file upload03.txt (compact mmCIF, C-alpha atoms and all ligand atoms)
# COMPACT_ATOMS: atom_id res chain seq x y z
CA MET H 1 -107.46 31.24 -28.13
CA HIS H 2 -103.92 32.59 -28.17
CA PRO H 3 -101.81 30.31 -30.41
CA PHE H 4 -99.19 29.71 -27.74
CA ILE H 5 -101.82 28.64 -25.23
CA GLN H 6 -103.21 26.33 -27.89
CA GLN H 7 -99.70 24.93 -28.28
CA LEU H 8 -99.37 24.42 -24.53
CA ILE H 9 -102.69 22.58 -24.30
CA GLU H 10 -101.63 20.35 -27.19
CA LEU H 11 -98.30 19.65 -25.50
CA TYR H 12 -100.07 18.54 -22.31
CA ASP H 13 -102.57 16.51 -24.36
CA ALA H 14 -99.67 14.72 -26.03
CA GLU H 15 -97.17 14.38 -23.17
CA GLY H 16 -99.02 15.17 -19.95
CA HIS H 17 -100.23 11.63 -19.34
CA HIS H 18 -96.74 10.49 -18.49
CA THR H 19 -96.07 9.86 -14.87
CA TYR H 20 -94.80 12.55 -12.56
CA GLY H 21 -93.77 9.77 -10.23
CA GLU H 22 -95.48 9.36 -6.87
CA GLY H 23 -98.58 7.83 -8.48
CA ILE H 24 -99.80 10.81 -10.47
CA THR H 25 -99.46 12.14 -14.02
CA GLN H 26 -97.91 15.40 -15.11
CA ILE H 27 -101.36 16.86 -15.80
CA GLU H 28 -102.68 15.83 -12.38
CA HIS H 29 -99.69 17.39 -10.68
CA ALA H 30 -100.03 20.58 -12.74
CA VAL H 31 -103.73 21.18 -12.05
CA GLN H 32 -103.34 20.34 -8.37
CA CYS H 33 -100.60 22.94 -7.96
CA ALA H 34 -102.70 25.50 -9.85
CA GLU H 35 -105.68 24.69 -7.65
CA LEU H 36 -103.64 25.31 -4.50
CA ALA H 37 -102.54 28.69 -5.90
CA LEU H 38 -106.15 29.58 -6.73
CA ARG H 39 -107.31 28.68 -3.23
CA GLU H 40 -104.73 31.06 -1.80
CA GLY H 41 -106.18 33.84 -3.92
CA GLU H 42 -103.01 34.19 -5.95
CA SER H 43 -102.77 36.23 -9.18
CA ALA H 44 -103.41 34.77 -12.63
CA GLN H 45 -99.65 34.88 -13.14
CA MET H 46 -98.94 32.79 -10.06
CA VAL H 47 -101.73 30.35 -10.90
CA THR H 48 -100.19 30.01 -14.36
CA ALA H 49 -96.72 29.55 -12.89
CA ALA H 50 -98.07 26.79 -10.66
CA LEU H 51 -99.87 25.14 -13.58
CA LEU H 52 -96.88 25.23 -15.94
CA HIS H 53 -93.97 24.90 -13.51
CA ASP H 54 -92.96 21.46 -14.79
CA VAL H 55 -93.58 22.05 -18.49
CA GLY H 56 -89.87 21.37 -19.01
CA HIS H 57 -90.55 17.75 -18.09
CA LEU H 58 -92.85 17.41 -21.12
CA MET H 59 -90.19 18.37 -23.60
CA ALA H 60 -88.86 14.92 -24.33
CA THR H 61 -85.68 15.74 -26.20
CA THR H 62 -84.44 18.01 -23.45
CA ASP H 63 -85.31 15.44 -20.80
CA ILE H 64 -83.09 12.88 -22.47
CA ALA H 65 -80.26 15.34 -22.98
CA PHE H 66 -80.28 16.70 -19.46
CA GLY H 67 -81.68 13.80 -17.49
CA ASN H 68 -84.65 15.90 -16.31
CA TYR H 69 -82.58 17.99 -14.00
CA LYS H 70 -82.74 21.20 -16.00
CA HIS H 71 -86.50 21.13 -16.44
CA ASP H 72 -86.80 24.38 -14.44
CA SER H 73 -84.75 26.54 -16.80
CA ILE H 74 -85.89 24.67 -19.92
CA GLY H 75 -89.52 25.31 -19.02
CA ALA H 76 -88.90 28.94 -18.09
CA ASP H 77 -87.04 29.59 -21.35
CA TYR H 78 -89.82 27.98 -23.35
CA LEU H 79 -92.43 30.26 -21.76
CA THR H 80 -90.37 33.48 -21.78
CA PRO H 81 -91.41 34.76 -25.24
CA HIS H 82 -95.06 34.78 -24.15
CA PHE H 83 -95.24 35.19 -20.38
CA PRO H 84 -93.78 37.87 -18.09
CA PRO H 85 -91.12 37.26 -15.42
CA ALA H 86 -93.86 36.93 -12.78
CA VAL H 87 -94.71 33.62 -14.48
CA THR H 88 -91.35 32.44 -15.77
CA GLU H 89 -89.03 33.35 -12.88
CA PRO H 90 -90.76 31.41 -10.09
CA ILE H 91 -90.65 28.46 -12.50
CA ARG H 92 -86.95 29.00 -13.17
CA LEU H 93 -86.28 29.08 -9.42
CA HIS H 94 -88.52 26.26 -8.20
CA ALA H 95 -85.78 23.64 -7.85
CA GLN H 96 -83.51 26.23 -6.23
CA ALA H 97 -86.33 27.01 -3.81
CA LYS H 98 -86.27 23.38 -2.77
CA ARG H 99 -82.51 23.48 -2.23
CA TYR H 100 -83.00 26.62 -0.12
CA LEU H 101 -85.83 25.21 2.00
CA CYS H 102 -83.95 21.97 2.59
CA ALA H 103 -81.00 23.96 3.89
CA VAL H 104 -82.92 26.28 6.21
CA GLU H 105 -85.84 24.14 7.45
CA GLN H 106 -85.12 20.76 8.99
CA ASP H 107 -88.81 19.84 8.92
CA TYR H 108 -88.98 20.60 5.23
CA LEU H 109 -86.08 18.31 4.46
CA ALA H 110 -87.55 15.57 6.66
CA GLY H 111 -90.93 15.83 4.91
CA LEU H 112 -89.63 15.61 1.36
CA SER H 113 -90.89 12.72 -0.76
CA ASP H 114 -88.43 10.01 -1.81
CA ALA H 115 -88.48 11.13 -5.43
CA SER H 116 -87.88 14.72 -4.42
CA LEU H 117 -85.06 13.71 -2.13
CA ASP H 118 -83.45 11.74 -4.93
CA SER H 119 -83.62 14.62 -7.41
CA LEU H 120 -82.26 17.01 -4.77
CA GLN H 121 -78.84 15.45 -5.16
CA HIS H 122 -78.88 16.02 -8.92
CA GLN H 123 -80.06 19.59 -8.39
CA GLY H 124 -77.02 20.41 -6.27
CA GLY H 125 -77.99 19.28 -2.77
CA LEU H 126 -78.46 21.71 0.09
CA MET H 127 -77.68 25.39 -0.53
CA ASP H 128 -74.68 26.74 1.32
CA PRO H 129 -75.01 30.12 3.08
CA VAL H 130 -73.57 32.06 0.15
CA GLU H 131 -76.06 30.43 -2.23
CA GLN H 132 -78.90 31.11 0.22
CA GLU H 133 -78.02 34.79 0.31
CA ALA H 134 -77.90 34.97 -3.48
CA PHE H 135 -81.20 33.13 -3.78
CA LEU H 136 -82.97 35.58 -1.45
CA GLN H 137 -81.75 38.48 -3.60
CA GLU H 138 -83.65 37.10 -6.60
CA PRO H 139 -86.68 39.32 -7.30
CA PHE H 140 -88.98 36.29 -7.46
CA ALA H 141 -87.53 34.30 -4.56
CA ASP H 142 -90.69 34.66 -2.45
CA ALA H 143 -92.90 33.61 -5.33
CA ALA H 144 -90.65 30.62 -5.99
CA LEU H 145 -90.91 29.57 -2.33
CA ARG H 146 -94.72 29.74 -2.46
CA LEU H 147 -94.73 27.75 -5.69
CA ARG H 148 -92.47 25.16 -4.08
CA ARG H 149 -94.96 24.54 -1.24
CA TRP H 150 -97.76 23.85 -3.73
CA ASP H 151 -95.36 21.67 -5.69
CA ASP H 152 -94.90 19.49 -2.61
CA GLU H 153 -98.60 19.39 -1.75
CA GLY H 154 -99.84 18.88 -5.30
CA LYS H 155 -99.34 15.14 -5.33
CA VAL H 156 -102.64 13.76 -4.05
CA ASP H 157 -105.23 12.41 -6.46
CA GLU H 158 -108.32 13.84 -4.83
CA LEU H 159 -107.27 17.45 -4.95
CA SER H 160 -108.48 18.38 -8.42
CA ASN H 161 -110.04 16.78 -11.50
CA LYS H 162 -109.52 19.78 -13.70
CA GLN H 163 -107.74 19.79 -17.04
CA ILE H 164 -105.09 22.18 -18.34
CA ALA H 165 -107.70 23.86 -20.57
CA ASP H 166 -109.79 24.70 -17.49
CA TYR H 167 -107.12 27.29 -16.72
CA LEU H 168 -107.53 29.05 -20.06
CA GLU H 169 -108.74 32.21 -18.36
CA SER H 170 -105.78 32.39 -15.95
CA MET H 171 -103.26 31.60 -18.69
CA THR H 172 -104.76 34.22 -21.01
CA ALA H 173 -104.77 36.85 -18.28
CA ALA H 174 -101.15 36.03 -17.45
CA LEU H 175 -99.78 36.46 -21.00
CA SER H 176 -97.31 39.28 -21.56
CA SER H 177 -99.26 42.31 -22.74
CA VAL H 178 -97.27 42.47 -25.98
CA THR H 179 -98.47 39.02 -27.03
CA HIS H 180 -102.17 39.53 -26.32
FE FE P 1 -90.23 20.50 -10.92
FE FE P 2 -93.49 19.81 -9.65

call {"tool": "encode", "arguments": {"input": "upload03.txt", "output": "structure tokens", "more": "lines below"}}
Ligand code: FE
Ligand code: FE
result
Amino acid sequence: MHPFIQQLIELYDAEGHHTYGEGITQIEHAVQCAELALREGESAQMVTAALLHDVGHLMATTDIAFGNYKHDSIGADYLTPHFPPAVTEPIRLHAQAKRYLCAVEQDYLAGLSDASLDSLQHQGGLMDPVEQEAFLQEPFADAALRLRRWDDEGKVDELSNKQIADYLESMTAALSSVTH
């Protein structure tokens, strides 16, 4: 096993049992999002992005320092030495994708969970038109929007009983070629 994937699995073993909120743990949320990506026939990189999108929440010191609200960039930066932009950039943009969707889709905003609505304020609230334009210019904006939909759906117990290690194959396939 690649040493960084080993490290990731150990991180989830150690910290992934903490609550995500909304009645599920971080691991449950992660594997549910990955499962939704798999069902859509997404690439190993997108499945990995879905699986690891909240890894920043597991890094306790950063959570305390930033009050959780920078978990997108913290997670993306942590993964960047080992995974390509197709994995890290949708993760970096997933909170921005929420701000975008809330601004452009009334139904999306209305359907947001309480916890997600609460964190929206700390993430900057609704995107204004200038921010929306800039967001759409991001090379991985579409991927981030897809990830965001799984993020919202991946909060129901029954969806998946898998573990992080069950996605070893996807994670390995998604690694940057230089680190293989
Ligand atoms: Fe998140
Ligand atoms: Fe999430």

call {"tool": "closest_residue", "arguments": {"input": "upload03.txt", "among": "H:His17, H:Arg146, H:Arg39, H:His94", "to": "ligand FE 2 (chain P)", "atoms": "only C-alpha atoms and all ligand atoms"}}
result
H:His94

call {"tool": "residues_around", "arguments": {"input": "upload03.txt", "residues": "Leu112 (chain H)", "least_positions_apart": "3", "cutoff": "12 Å", "atoms": "all atoms listed in the file", "output": "PDB file with C-alpha atoms, keeping the file's coordinate frame"}}
result
ATOM      1  CA  GLU H  22     -95.480   9.360  -6.870  1.00  0.00           C
ATOM      2  CA  LYS H  98     -86.270  23.380  -2.770  1.00  0.00           C
ATOM      3  CA  ARG H  99     -82.510  23.480  -2.230  1.00  0.00           C
ATOM      4  CA  LEU H 101     -85.830  25.210   2.000  1.00  0.00           C
ATOM      5  CA  CYS H 102     -83.950  21.970   2.590  1.00  0.00           C
ATOM      6  CA  GLU H 105     -85.840  24.140   7.450  1.00  0.00           C
ATOM      7  CA  GLN H 106     -85.120  20.760   8.990  1.00  0.00           C
ATOM      8  CA  ASP H 107     -88.810  19.840   8.920  1.00  0.00           C
ATOM      9  CA  TYR H 108     -88.980  20.600   5.230  1.00  0.00           C
ATOM     10  CA  LEU H 109     -86.080  18.310   4.460  1.00  0.00           C
ATOM     11  CA  ALA H 115     -88.480  11.130  -5.430  1.00  0.00           C
ATOM     12  CA  SER H 116     -87.880  14.720  -4.420  1.00  0.00           C
ATOM     13  CA  LEU H 117     -85.060  13.710  -2.130  1.00  0.00           C
ATOM     14  CA  ASP H 118     -83.450  11.740  -4.930  1.00  0.00           C
ATOM     15  CA  SER H 119     -83.620  14.620  -7.410  1.00  0.00           C
ATOM     16  CA  LEU H 120     -82.260  17.010  -4.770  1.00  0.00           C
ATOM     17  CA  ARG H 148     -92.470  25.160  -4.080  1.00  0.00           C
ATOM     18  CA  ARG H 149     -94.960  24.540  -1.240  1.00  0.00           C
ATOM     19  CA  ASP H 151     -95.360  21.670  -5.690  1.00  0.00           C
ATOM     20  CA  ASP H 152     -94.900  19.490  -2.610  1.00  0.00           C
ATOM     21  CA  GLU H 153     -98.600  19.390  -1.750  1.00  0.00           C
ATOM     22  CA  LYS H 155     -99.340  15.140  -5.330  1.00  0.00           C
TER      23      LYS H 155
END

call {"tool": "axis_aligned_box", "arguments": {"input": "upload03.txt", "around": "region 1-17 of chain H", "padding_each_side": "6 Å", "output": "JSON"}}
result
{"center_x": -102.3, "center_y": 22.1, "center_z": -24.9, "size_x": 22.3, "size_y": 33.0, "size_z": 23.1}

call {"tool": "closest_residue", "arguments": {"input": "upload03.txt", "among": "H:Ser113, H:Gln7, H:Thr19, H:Gln26", "to": "ligand FE 2 (chain P)", "atoms": "all atoms listed in the file"}}
result
H:Gln26

call {"tool": "residues_near_ligand", "arguments": {"input": "upload03.txt", "ligand": "ligand FE 1 (chain P)", "cutoff": "7 Å", "atoms": "all atoms listed in the file", "output": "PyMOL selection string"}}
result
chain H and resi 53-54+71-72+94-95

call {"tool": "closest_residue", "arguments": {"input": "upload03.txt", "among": "H:Ala14, H:Val156, H:Ala50, H:Met59", "to": "ligand FE 2 (chain P)", "atoms": "all atoms listed in the file"}}
result
H:Ala50

call {"tool": "closest_residue", "arguments": {"input": "upload03.txt", "among": "H:Thr25, H:Ser73, H:Ser43, H:Gln123", "to": "Glu169 (chain H)", "atoms": "all atoms listed in the file"}}
result
H:Ser43

call {"tool": "atom_distance", "arguments": {"input": "upload03.txt", "atom1": "CA of Gly23 (chain H)", "atom2": "CA of Leu159 (chain H)"}}
result
13.4 Å

call {"tool": "closest_residue", "arguments": {"input": "upload03.txt", "among": "H:Tyr20, H:Phe4, H:Tyr12, H:Phe83", "to": "ligand FE 2 (chain P)", "atoms": "all atoms listed in the file"}}
result
H:Tyr20

call {"tool": "atom_distance", "arguments": {"input": "upload03.txt", "atom1": "CA of His2 (chain H)", "atom2": "CA of Ala30 (chain H)"}}
result
19.9 Å

call {"tool": "closest_residue", "arguments": {"input": "upload03.txt", "among": "H:Leu36, H:Val130, H:Leu58, H:Ala173", "to": "Val87 (chain H)", "atoms": "all atoms listed in the file"}}
result
H:Ala173

call {"tool": "residues_around", "arguments": {"input": "upload03.txt", "residues": "Met127 (chain H)", "least_positions_apart": "4", "cutoff": "7 Å", "atoms": "only C-alpha atoms", "output": "list in words"}}
result
Arg99, Tyr100, Ala103, Glu131 and Gln132 of chain H

call {"tool": "residues_near_point", "arguments": {"input": "upload03.txt", "point": "(-84.2, 36.7, -8.9)", "cutoff": "12 Å", "atoms": "only C-alpha atoms", "output": "compact mmCIF listing (two decimals) with C-alpha atoms, keeping the file's coordinate frame"}}
result
# COMPACT_ATOMS: atom_id res chain seq x y z
CA PRO H 85 -91.12 37.26 -15.42
CA ALA H 86 -93.86 36.93 -12.78
CA THR H 88 -91.35 32.44 -15.77
CA GLU H 89 -89.03 33.35 -12.88
CA PRO H 90 -90.76 31.41 -10.09
CA ILE H 91 -90.65 28.46 -12.50
CA ARG H 92 -86.95 29.00 -13.17
CA LEU H 93 -86.28 29.08 -9.42
CA HIS H 94 -88.52 26.26 -8.20
CA GLN H 96 -83.51 26.23 -6.23
CA ALA H 97 -86.33 27.01 -3.81
CA GLN H 132 -78.90 31.11 0.22
CA GLU H 133 -78.02 34.79 0.31
CA ALA H 134 -77.90 34.97 -3.48
CA PHE H 135 -81.20 33.13 -3.78
CA LEU H 136 -82.97 35.58 -1.45
CA GLN H 137 -81.75 38.48 -3.60
CA GLU H 138 -83.65 37.10 -6.60
CA PRO H 139 -86.68 39.32 -7.30
CA PHE H 140 -88.98 36.29 -7.46
CA ALA H 141 -87.53 34.30 -4.56
CA ASP H 142 -90.69 34.66 -2.45
CA ALA H 143 -92.90 33.61 -5.33
CA ALA H 144 -90.65 30.62 -5.99
CA LEU H 145 -90.91 29.57 -2.33

call {"tool": "atom_distance", "arguments": {"input": "upload03.txt", "atom1": "CA of Pro84 (chain H)", "atom2": "CA of Ser176 (chain H)"}}
result
5.1 Å

call {"tool": "residues_around", "arguments": {"input": "upload03.txt", "residues": "Gly56 (chain H)", "least_positions_apart": "4", "cutoff": "8 Å", "atoms": "all atoms listed in the file", "output": "list in words"}}
result
Thr62, Asp63, Lys70, His71, Asp72, Ser73, Ile74, Gly75, Ala76 and Tyr78 of chain H

call {"tool": "residues_around", "arguments": {"input": "upload03.txt", "residues": "Gly154 (chain H)", "least_positions_apart": "3", "cutoff": "7 Å", "atoms": "all atoms listed in the file", "output": "list of chain:residue names"}}
result
H:His29, H:Gln32, H:Cys33, H:Trp150, H:Asp151

call {"tool": "write_last_selection", "arguments": {"input": "upload03.txt", "atoms": "C-alpha atoms", "output": "mmCIF file, keeping the file's coordinate frame"}}
result
data_model
loop_
_atom_site.group_PDB
_atom_site.id
_atom_site.type_symbol
_atom_site.label_atom_id
_atom_site.label_comp_id
_atom_site.auth_asym_id
_atom_site.auth_seq_id
_atom_site.Cartn_x
_atom_site.Cartn_y
_atom_site.Cartn_z
ATOM 1 C CA HIS H 29 -99.690 17.390 -10.680
ATOM 2 C CA GLN H 32 -103.340 20.340 -8.370
ATOM 3 C CA CYS H 33 -100.600 22.940 -7.960
ATOM 4 C CA TRP H 150 -97.760 23.850 -3.730
ATOM 5 C CA ASP H 151 -95.360 21.670 -5.690
#

call {"tool": "residues_around", "arguments": {"input": "upload03.txt", "residues": "Ser160 (chain H)", "least_positions_apart": "5", "cutoff": "9 Å", "atoms": "all atoms listed in the file", "output": "list in words"}}
result
Glu28, Val31, Gln32 and Glu35 of chain H
